[in-house]
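Source file run-v4.cif; content: mmCIF, C-alpha atoms and all ligand atoms.
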```cif
data_target
#
loop_
_atom_site.label_atom_id
_atom_site.label_comp_id
_atom_site.auth_asym_id
_atom_site.auth_seq_id
_atom_site.Cartn_x
_atom_site.Cartn_y
_atom_site.Cartn_z
CA MET A 13 117.48 129.82 70.91
CA VAL A 14 115.84 130.58 74.28
CA GLU A 15 116.31 133.11 77.04
CA THR A 16 118.54 131.28 79.49
CA SER A 17 122.02 131.48 80.95
CA ASP A 18 124.89 129.20 81.84
CA GLU A 19 124.48 130.39 85.43
CA TRP A 20 120.80 129.31 85.54
CA ILE A 21 121.46 125.91 83.96
CA THR A 22 124.47 125.18 86.17
CA SER A 23 122.89 126.24 89.45
CA ARG A 24 119.45 124.63 88.82
CA THR A 25 120.57 121.41 87.13
CA GLY A 26 124.35 120.91 87.48
CA ILE A 27 124.60 120.31 83.71
CA LYS A 28 127.64 121.72 81.89
CA GLU A 29 127.90 119.55 78.77
CA ARG A 30 125.70 117.25 76.73
CA HIS A 31 126.16 115.02 73.70
CA ILE A 32 123.85 115.46 70.74
CA ALA A 33 123.76 112.83 67.99
CA ALA A 34 124.27 113.80 64.36
CA ALA A 35 121.10 114.31 62.32
CA HIS A 36 121.73 111.12 60.31
CA GLU A 37 122.26 108.96 63.43
CA SER A 38 119.30 107.05 64.83
CA THR A 39 118.92 105.44 68.25
CA SER A 40 119.79 101.96 66.91
CA ASP A 41 123.08 103.28 65.47
CA PHE A 42 124.56 104.22 68.83
CA ALA A 43 122.69 101.44 70.65
CA ALA A 44 124.54 99.00 68.37
CA LYS A 45 127.88 100.71 69.11
CA ALA A 46 127.31 100.34 72.86
CA ALA A 47 126.23 96.72 72.35
CA LEU A 48 129.38 95.84 70.38
CA LYS A 49 131.53 97.40 73.10
CA ALA A 50 129.76 95.39 75.83
CA MET A 51 130.05 92.20 73.75
CA ALA A 52 133.79 92.81 73.23
CA ASN A 53 134.25 93.35 76.99
CA ALA A 54 132.44 90.06 77.65
CA GLY A 55 134.28 88.21 74.83
CA LEU A 56 131.03 87.37 73.03
CA ASN A 57 130.01 87.40 69.41
CA GLY A 58 126.53 87.96 68.00
CA ASP A 59 125.69 84.24 67.77
CA GLN A 60 125.94 83.93 71.54
CA ILE A 61 123.18 86.46 72.33
CA ASP A 62 119.79 84.87 73.10
CA LEU A 63 117.73 87.98 73.79
CA ILE A 64 118.05 91.69 73.02
CA ILE A 65 116.02 94.17 75.08
CA VAL A 66 116.17 97.83 74.07
CA ALA A 67 114.68 100.37 76.46
CA THR A 68 113.88 103.58 74.61
CA VAL A 69 111.29 106.32 74.11
CA THR A 70 112.93 107.38 70.85
CA PRO A 71 112.78 104.27 68.67
CA ASP A 72 114.10 104.55 65.11
CA MET A 73 110.44 104.40 64.00
CA PRO A 74 107.13 103.21 65.53
CA PHE A 75 107.82 99.73 64.16
CA PRO A 76 109.73 97.52 63.61
CA SER A 77 111.38 97.68 67.02
CA THR A 78 114.75 99.29 67.61
CA ALA A 79 115.85 95.95 69.12
CA CYS A 80 115.32 94.32 65.70
CA GLN A 81 117.40 97.08 64.08
CA VAL A 82 120.16 96.47 66.62
CA GLN A 83 119.94 92.70 66.07
CA GLN A 84 120.92 92.96 62.43
CA LYS A 85 123.56 95.66 63.08
CA ILE A 86 125.42 93.47 65.58
CA GLY A 87 124.85 90.16 63.77
CA ALA A 88 122.90 88.53 66.61
CA LEU A 89 120.62 86.70 64.23
CA ARG A 90 119.69 83.92 66.69
CA ALA A 91 118.42 86.43 69.26
CA VAL A 92 114.85 87.26 70.15
CA ALA A 93 114.51 91.05 70.12
CA PHE A 94 112.00 93.47 71.56
CA ASP A 95 111.73 97.02 72.90
CA ILE A 96 110.43 98.16 76.26
CA GLU A 97 109.19 101.64 77.06
CA ALA A 98 109.68 102.83 80.62
CA ALA A 99 111.25 106.21 79.77
CA CYS A 100 114.16 107.08 82.09
CA SER A 101 113.49 103.92 84.15
CA GLY A 102 114.09 101.64 81.18
CA PHE A 103 117.55 100.37 82.11
CA ILE A 104 116.42 98.84 85.41
CA TYR A 105 113.21 97.52 83.85
CA GLY A 106 115.38 95.86 81.20
CA LEU A 107 117.84 94.43 83.73
CA GLU A 108 115.02 92.94 85.79
CA ILE A 109 113.37 91.37 82.71
CA ALA A 110 116.76 89.89 81.78
CA ARG A 111 117.21 88.54 85.30
CA GLN A 112 113.80 86.87 85.20
CA PHE A 113 114.42 85.24 81.80
CA ILE A 114 117.73 83.89 83.10
CA ALA A 115 116.32 82.77 86.46
CA ASN A 116 113.63 80.84 84.57
CA HIS A 117 116.28 79.20 82.36
CA ALA A 118 114.60 80.65 79.26
CA CYS A 119 117.88 82.27 78.12
CA GLU A 120 121.56 82.20 78.95
CA THR A 121 122.78 85.52 77.57
CA VAL A 122 120.75 88.71 77.45
CA LEU A 123 121.85 92.02 75.96
CA VAL A 124 120.16 94.93 77.76
CA ILE A 125 120.42 98.32 76.10
CA GLY A 126 119.18 101.71 77.26
CA ALA A 127 119.32 104.18 74.38
CA ASP A 128 117.69 107.47 73.55
CA LYS A 129 118.06 110.23 71.01
CA LEU A 130 116.12 112.78 73.04
CA SER A 131 117.40 115.60 70.86
CA SER A 132 114.92 114.32 68.26
CA ILE A 133 111.93 115.07 70.54
CA VAL A 134 113.19 118.16 72.40
CA ASP A 135 111.40 121.42 71.73
CA TRP A 136 114.35 123.74 71.21
CA THR A 137 112.04 126.73 71.84
CA ASP A 138 111.00 125.49 75.34
CA ARG A 139 113.54 126.61 77.92
CA ASN A 140 111.90 124.43 80.60
CA THR A 141 113.14 121.30 78.85
CA CYS A 142 115.62 122.09 76.08
CA VAL A 143 118.52 122.67 78.46
CA LEU A 144 118.23 119.27 80.13
CA PHE A 145 118.45 116.38 77.73
CA GLY A 146 121.24 114.60 75.84
CA ASP A 147 121.64 111.59 73.56
CA GLY A 148 123.37 108.34 74.47
CA ALA A 149 123.32 104.59 74.80
CA ALA A 150 124.51 102.03 77.32
CA ALA A 151 124.60 98.24 77.05
CA ALA A 152 125.05 95.40 79.50
CA ILE A 153 125.50 91.67 79.03
CA VAL A 154 123.56 89.69 81.63
CA GLN A 155 124.39 86.02 82.29
CA HIS A 156 124.16 83.58 85.18
CA ARG A 157 127.40 83.35 87.19
CA PRO A 158 127.73 80.61 89.79
CA ASN A 159 130.03 82.55 92.12
CA SER A 160 128.57 86.05 91.92
CA ALA A 161 125.26 87.50 93.01
CA GLY A 162 125.01 89.88 90.01
CA VAL A 163 121.64 91.63 90.10
CA MET A 164 120.73 90.71 93.71
CA ALA A 165 117.27 92.29 93.73
CA ALA A 166 115.27 94.90 91.89
CA VAL A 167 112.06 96.77 92.62
CA MET A 168 109.99 98.58 90.02
CA GLY A 169 106.97 100.81 90.22
CA ALA A 170 104.58 102.84 88.07
CA ASP A 171 101.86 105.46 88.51
CA GLY A 172 99.92 106.05 85.30
CA SER A 173 97.76 108.74 86.91
CA LYS A 174 100.74 111.12 86.50
CA GLY A 175 101.18 110.41 82.79
CA SER A 176 100.47 113.94 81.62
CA VAL A 177 103.14 115.49 83.89
CA LEU A 178 105.90 114.33 81.52
CA CYS A 179 104.91 113.21 78.04
CA VAL A 180 104.99 113.62 74.27
CA PRO A 181 101.29 114.21 73.54
CA ALA A 182 101.09 113.40 69.80
CA GLY A 183 102.36 110.87 67.32
CA GLY A 184 100.62 107.84 68.83
CA SER A 185 97.10 106.46 68.43
CA ARG A 186 95.53 109.11 70.65
CA LEU A 187 96.72 112.05 68.56
CA PRO A 188 98.12 110.77 65.27
CA ALA A 189 100.44 113.14 63.43
CA SER A 190 98.52 115.88 61.63
CA THR A 191 99.12 119.42 60.50
CA GLU A 192 97.40 120.56 63.67
CA THR A 193 99.62 118.49 66.00
CA LEU A 194 102.68 119.83 64.20
CA ILE A 195 101.52 123.43 64.53
CA LYS A 196 100.80 122.90 68.23
CA ARG A 197 104.29 121.37 68.70
CA GLN A 198 102.73 118.29 70.29
CA HIS A 199 105.46 115.92 69.07
CA PHE A 200 107.91 117.31 71.60
CA ILE A 201 108.56 116.60 75.29
CA ARG A 202 106.30 118.45 77.71
CA MET A 203 107.18 118.45 81.39
CA ASN A 204 106.00 119.99 84.62
CA GLY A 205 109.49 120.17 86.11
CA LYS A 206 108.58 120.85 89.72
CA GLU A 207 106.05 118.01 89.91
CA THR A 208 108.53 115.63 88.26
CA PHE A 209 111.31 116.75 90.61
CA LYS A 210 109.23 116.14 93.75
CA ASN A 211 108.03 112.70 92.65
CA ALA A 212 111.52 111.68 91.48
CA VAL A 213 113.06 112.35 94.89
CA GLN A 214 110.30 110.53 96.80
CA ALA A 215 110.16 107.52 94.47
CA MET A 216 113.91 106.95 94.23
CA GLN A 217 114.29 107.20 98.01
CA ALA A 218 111.44 104.73 98.63
CA ALA A 219 112.61 102.29 95.93
CA GLY A 220 116.18 102.45 97.25
CA GLU A 221 115.09 101.71 100.81
CA GLU A 222 112.83 98.86 99.66
CA VAL A 223 115.48 97.11 97.56
CA LEU A 224 118.06 97.40 100.36
CA ARG A 225 115.54 95.95 102.82
CA ARG A 226 114.96 92.98 100.48
CA CYS A 227 118.72 92.36 100.30
CA GLY A 228 119.23 92.83 104.05
CA LEU A 229 121.71 95.63 103.34
CA ALA A 230 122.28 99.12 104.74
CA VAL A 231 123.32 102.20 102.77
CA SER A 232 126.70 102.00 104.49
CA ASP A 233 127.31 98.59 102.83
CA LEU A 234 127.24 100.17 99.36
CA ALA A 235 130.44 100.99 97.50
CA CYS A 236 128.55 103.17 95.04
CA ILE A 237 125.10 104.67 94.51
CA ILE A 238 124.20 105.50 90.91
CA PRO A 239 120.99 107.53 90.64
CA HIS A 240 119.32 108.55 87.40
CA GLN A 241 121.26 111.56 86.12
CA ALA A 242 118.52 114.14 85.54
CA ASN A 243 119.43 116.98 87.85
CA ARG A 244 122.23 117.43 90.39
CA ARG A 245 119.73 118.77 92.93
CA ILE A 246 117.57 115.63 92.63
CA ILE A 247 120.66 113.44 93.11
CA ASP A 248 121.74 115.43 96.19
CA ALA A 249 118.23 115.31 97.69
CA VAL A 250 117.98 111.53 97.24
CA ALA A 251 121.46 111.03 98.71
CA GLU A 252 120.60 113.17 101.72
CA ARG A 253 117.33 111.31 102.36
CA LEU A 254 119.10 107.96 102.12
CA GLU A 255 121.77 109.33 104.50
CA ALA A 256 124.48 108.39 101.99
CA ARG A 257 127.96 109.86 102.26
CA PRO A 258 128.68 112.21 99.31
CA GLU A 259 131.62 110.07 98.19
CA GLN A 260 129.28 107.06 97.74
CA VAL A 261 127.25 108.85 95.07
CA PHE A 262 128.31 108.74 91.40
CA VAL A 263 127.52 111.86 89.39
CA ASN A 264 128.12 112.55 85.69
CA VAL A 265 125.04 114.64 84.88
CA ASP A 266 127.43 117.59 84.50
CA ARG A 267 128.93 115.96 81.36
CA PHE A 268 125.96 114.13 79.84
CA GLY A 269 122.73 115.81 80.93
CA ASN A 270 119.68 113.58 81.12
CA THR A 271 120.06 110.70 78.66
CA SER A 272 116.83 108.97 79.72
CA ALA A 273 117.00 105.16 79.40
CA ALA A 274 120.78 105.29 78.92
CA SER A 275 121.48 107.39 82.01
CA VAL A 276 122.32 104.91 84.79
CA GLY A 277 123.90 102.53 82.28
CA ILE A 278 126.31 105.20 81.05
CA ALA A 279 127.08 106.15 84.66
CA LEU A 280 127.69 102.51 85.68
CA SER A 281 129.93 101.99 82.66
CA GLU A 282 131.97 105.10 83.53
CA ALA A 283 132.17 104.08 87.18
CA VAL A 284 133.58 100.69 86.15
CA GLU A 285 135.97 102.09 83.51
CA THR A 286 137.42 104.63 85.96
CA GLY A 287 137.84 102.06 88.74
CA ARG A 288 135.22 103.75 90.90
CA VAL A 289 133.35 100.41 90.94
CA GLN A 290 135.49 97.31 91.42
CA ARG A 291 134.77 93.59 91.12
CA GLY A 292 132.67 92.47 94.11
CA ASP A 293 131.43 95.97 94.98
CA LEU A 294 127.78 96.44 95.91
CA VAL A 295 126.14 99.08 93.72
CA LEU A 296 122.70 100.64 94.12
CA LEU A 297 121.03 101.82 90.89
CA LEU A 298 118.04 104.21 91.15
CA VAL A 299 115.79 105.39 88.33
CA PHE A 300 112.75 107.57 87.77
CA GLY A 301 110.96 108.67 84.61
CA ALA A 302 107.82 109.36 82.66
CA GLY A 303 104.81 107.21 83.34
CA PHE A 304 105.59 107.85 86.13
CA THR A 305 107.88 104.85 86.43
CA TRP A 306 110.68 104.13 88.88
CA GLY A 307 112.96 101.40 90.09
CA ALA A 308 115.98 100.38 92.13
CA ALA A 309 118.41 97.51 91.82
CA VAL A 310 121.29 96.22 93.91
CA VAL A 311 124.09 94.77 91.81
CA GLU A 312 127.17 92.92 93.01
CA TRP A 313 129.62 93.92 90.27
O1 LIG A 401 114.21 112.11 83.48
C1 LIG A 401 112.90 112.29 83.91
C2 LIG A 401 112.91 113.06 85.08
N1 LIG A 401 113.10 114.47 84.81
C3 LIG A 401 113.50 115.20 85.80
O2 LIG A 401 113.80 114.63 86.82
C4 LIG A 401 113.50 116.70 85.71
C5 LIG A 401 112.92 117.23 87.00
N2 LIG A 401 112.83 118.66 87.10
C6 LIG A 401 113.89 119.47 87.17
O3 LIG A 401 115.02 119.04 87.04
C7 LIG A 401 113.66 120.92 87.49
O4 LIG A 401 112.32 121.10 87.88
C8 LIG A 401 113.98 121.88 86.32
C9 LIG A 401 115.49 121.94 86.10
C10 LIG A 401 113.29 121.39 85.05
C11 LIG A 401 113.48 123.29 86.63
O5 LIG A 401 114.06 123.74 87.85
P1 LIG A 401 113.13 124.42 88.95
O6 LIG A 401 114.02 124.86 90.03
O7 LIG A 401 112.04 123.44 89.30
O8 LIG A 401 112.59 125.68 88.19
P2 LIG A 401 111.08 126.10 87.86
O9 LIG A 401 110.51 125.20 86.83
O10 LIG A 401 110.33 126.29 89.11
O11 LIG A 401 111.35 127.51 87.24
C12 LIG A 401 111.86 128.57 88.04
C13 LIG A 401 112.02 129.76 87.14
C14 LIG A 401 110.77 130.07 86.32
O12 LIG A 401 110.66 131.48 86.21
P3 LIG A 401 109.60 132.28 87.12
O13 LIG A 401 108.27 131.68 86.77
O14 LIG A 401 110.03 132.00 88.52
O15 LIG A 401 109.79 133.68 86.66
C15 LIG A 401 111.09 129.49 84.97
O16 LIG A 401 110.40 130.14 83.95
O17 LIG A 401 113.06 129.52 86.19
C16 LIG A 401 112.58 129.76 84.88
N3 LIG A 401 113.25 128.87 83.95
C17 LIG A 401 114.40 129.20 83.34
N4 LIG A 401 115.16 130.32 83.38
C18 LIG A 401 116.28 130.34 82.64
C19 LIG A 401 112.90 127.62 83.58
N5 LIG A 401 113.81 127.13 82.70
C20 LIG A 401 114.74 128.10 82.54
C21 LIG A 401 115.93 128.18 81.79
N6 LIG A 401 116.67 129.33 81.89
N7 LIG A 401 116.37 127.18 81.01
#
```
If you took the structure in this file and wrote it as structure tokens, what would it be?
Ligand code: UT7
Amino acid sequence: MVETSDEWITSRTGIKERHIAAAHESTSDFAAKAALKAMANAGLNGDQIDLIIVATVTPDMPFPSTACQVQQKIGALRAVAFDIEAACSGFIYGLEIARQFIANHACETVLVIGADKLSSIVDWTDRNTCVLFGDGAAAAIVQHRPNSAGVMAAVMGADGSKGSVLCVPAGGSRLPASTETLIKRQHFIRMNGKETFKNAVQAMQAAGEEVLRRCGLAVSDLACIIPHQANRRIIDAVAERLEARPEQVFVNVDRFGNTSAASVGIALSEAVETGRVQRGDLVLLLVFGAGFTWGAAVVEW
């Protein structure tokens, strides 16, 4: 579709494989699958979920929310449901919102989902972006546990002055869909890769250092560091700046590409399933995305 090569993609991004949803699948379809898996792992049924938060930039439709679609698909009919939009930072934004609801005793059980069908907004004629993104969903159950720290601390940040660096220009209230926006291909992702790259490295390093400072921890205390999986070179640069040992850093961008809000959730889930993260381990999650938005969280698994 575009002039590119496996050599370019591998050396500049580290990506070898991606998963693309079927045309008939929407974000809530695979968000619900991830949710049911998380609920089964936690031994919960739909009635026990108080709140559903879905982080996504590719909702099924502008409204109703994808969280409401998920609610009925998983039979969580008691749950409050809403979406948040923090692009690739959505999973940590969602975790922190869940933590606050629980800390304030407003809820007992929160289902946090990061899910995106980026293939639906990728411009397959733009080689700057079409080689990077994949589809996926990740879900976590968040509850208070008396004998475990869980999400120990999180920091989040945003810089709206950089909004145009990574965006989908049309389809909202600024540029509603029209023949002209379609012809100009303004419903697809546009990104200044270099500017995004530079800001991603700086923000994830700073957020990581800040959250560790708040927890009184050093990088050497961490069993695993899970950065947003956008580009292998970004991950390596962040790890180097944090002075992390290579074996501390979890990488699966080679097999999933950039799955946006699902990215660190999918990586955490894989790290747990493969035994890379064990009960009691301290894990640092780092995210960065459009907005710009960013965040870091320390989790005792
Ligand atoms: O999840 C949100 C966060 N997103 C990210 O973190 C993505 C951040 N950015 C990146 O990962 C990288 O900037 C990219 C992978 C997007 C691009 O890598 P780069 O090393 O920054 O390349 P570049 O944009 O500076 O492009 C270098 C060259 C250009 O050619 P010229 O102008 O030097 O002749 C591009 O046109 O590579 C060319 N190029 C490609 N060539 C082959 C760009 N994309 C491709 C491609 N295949 N797919």
Which is closer to ligand LIG 401 (chain A) than all the others in A:Asn243, A:Gln112, A:Gln60, A:Thr286, using all atoms listed in the file? A:Asn243
Return as an MDAnalysis selection string the residues of protein, DNA or RNA that approach ligand LIG 401 (chain A) to within 10 Å, with all atoms listed in the file taken into account. chainID A and resid 14:27 99:101 138:145 178:179 203:213 240:247 269:273 275 299:306
Quick one: pull the distance between atom CA of Ala249 of chain A and atom CA of Leu234 of chain A, Å, one decimal.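 Distance between the two atoms: 17.7 Å.
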Surrounding residues of Val276 of chain A excluding itself and chain neighbours under 3 positions, 7 Å, only C-alpha atoms, as a ChimeraX atom specification: /A:238-241,279-280,297
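You can rank A:Val122, A:Ala43, A:Ala110, A:Val295 by their closest distance to Leu63 of chain A using only C-alpha atoms, and at the top of that list sits A:Val122.
Every residue within 7 Å of the file position (115.9, 102.8, 73.3), judged by all atoms listed in the file, is given as A:Thr39, A:Val66, A:Ala67, A:Thr68, A:Val69, A:Thr70, A:Pro71, A:Thr78, A:Ile125, A:Gly126, A:Ala127, A:Asp128, A:Ala273.
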Tell me which of A:Glu282, A:Glu37, A:Asp171, A:Glu192 sits closest to Ser131 of chain A, counting all atoms listed in the file.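 Comparing A:Glu282, A:Glu37, A:Asp171, A:Glu192 against Ser131 of chain A, the winner is A:Glu37.
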By how many Å are atom CA of Met13 of chain A and atom CA of Val177 of chain A apart?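 For atom CA of Met13 of chain A relative to atom CA of Val177 of chain A, the distance reads 24.1 Å.
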Between A:Cys119, A:Gly106, A:Lys196, A:Val284, which is the closest to Asp135 of chain A once you count all atoms listed in the file?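 Under the stated criterion, the closest residue is A:Lys196.
Restricting the calculation to all atoms listed in the file, the smallest distance between Ile133 of chain A and any of A:Ile201, A:Val261, A:Ala218, A:Ala274 is found for A:Ile201.
Counting all atoms listed in the file and comparing A:Ala151, A:Ala33, A:Ile65, A:Leu130, the residue that lies closest to Ala52 of chain A is A:Ala151.
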Could you jot down the atom CA of Asp72 of chain A to atom CA of Thr193 of chain A separation for me, Å, one decimal place?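 Those two atoms sit 20.1 Å apart.
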Tell me, as a tab-separated table (two decimals) with C-alpha atoms, in the coordinates of the input, which residues lie within 7 Å of Trp313 of chain A, counting only C-alpha atoms; anything in the same chain fewer than 4 positions away does not count.
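Okay, this is what ended up in out.tsv:
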```tsv
chain	number	residue	atom	x	y	z
A	162	GLY	CA	125.01	89.88	90.01
A	290	GLN	CA	135.49	97.31	91.42
A	291	ARG	CA	134.77	93.59	91.12
A	292	GLY	CA	132.67	92.47	94.11
A	293	ASP	CA	131.43	95.97	94.98
A	294	LEU	CA	127.78	96.44	95.91
```
Quick one: residues within 12 Å of Pro188 of chain A, all atoms listed in the file, excluding same-chain residues fewer than 5 positions away - as a VMD selection string? chain A and resid 74 180 to 183 193 to 194 198 to 199
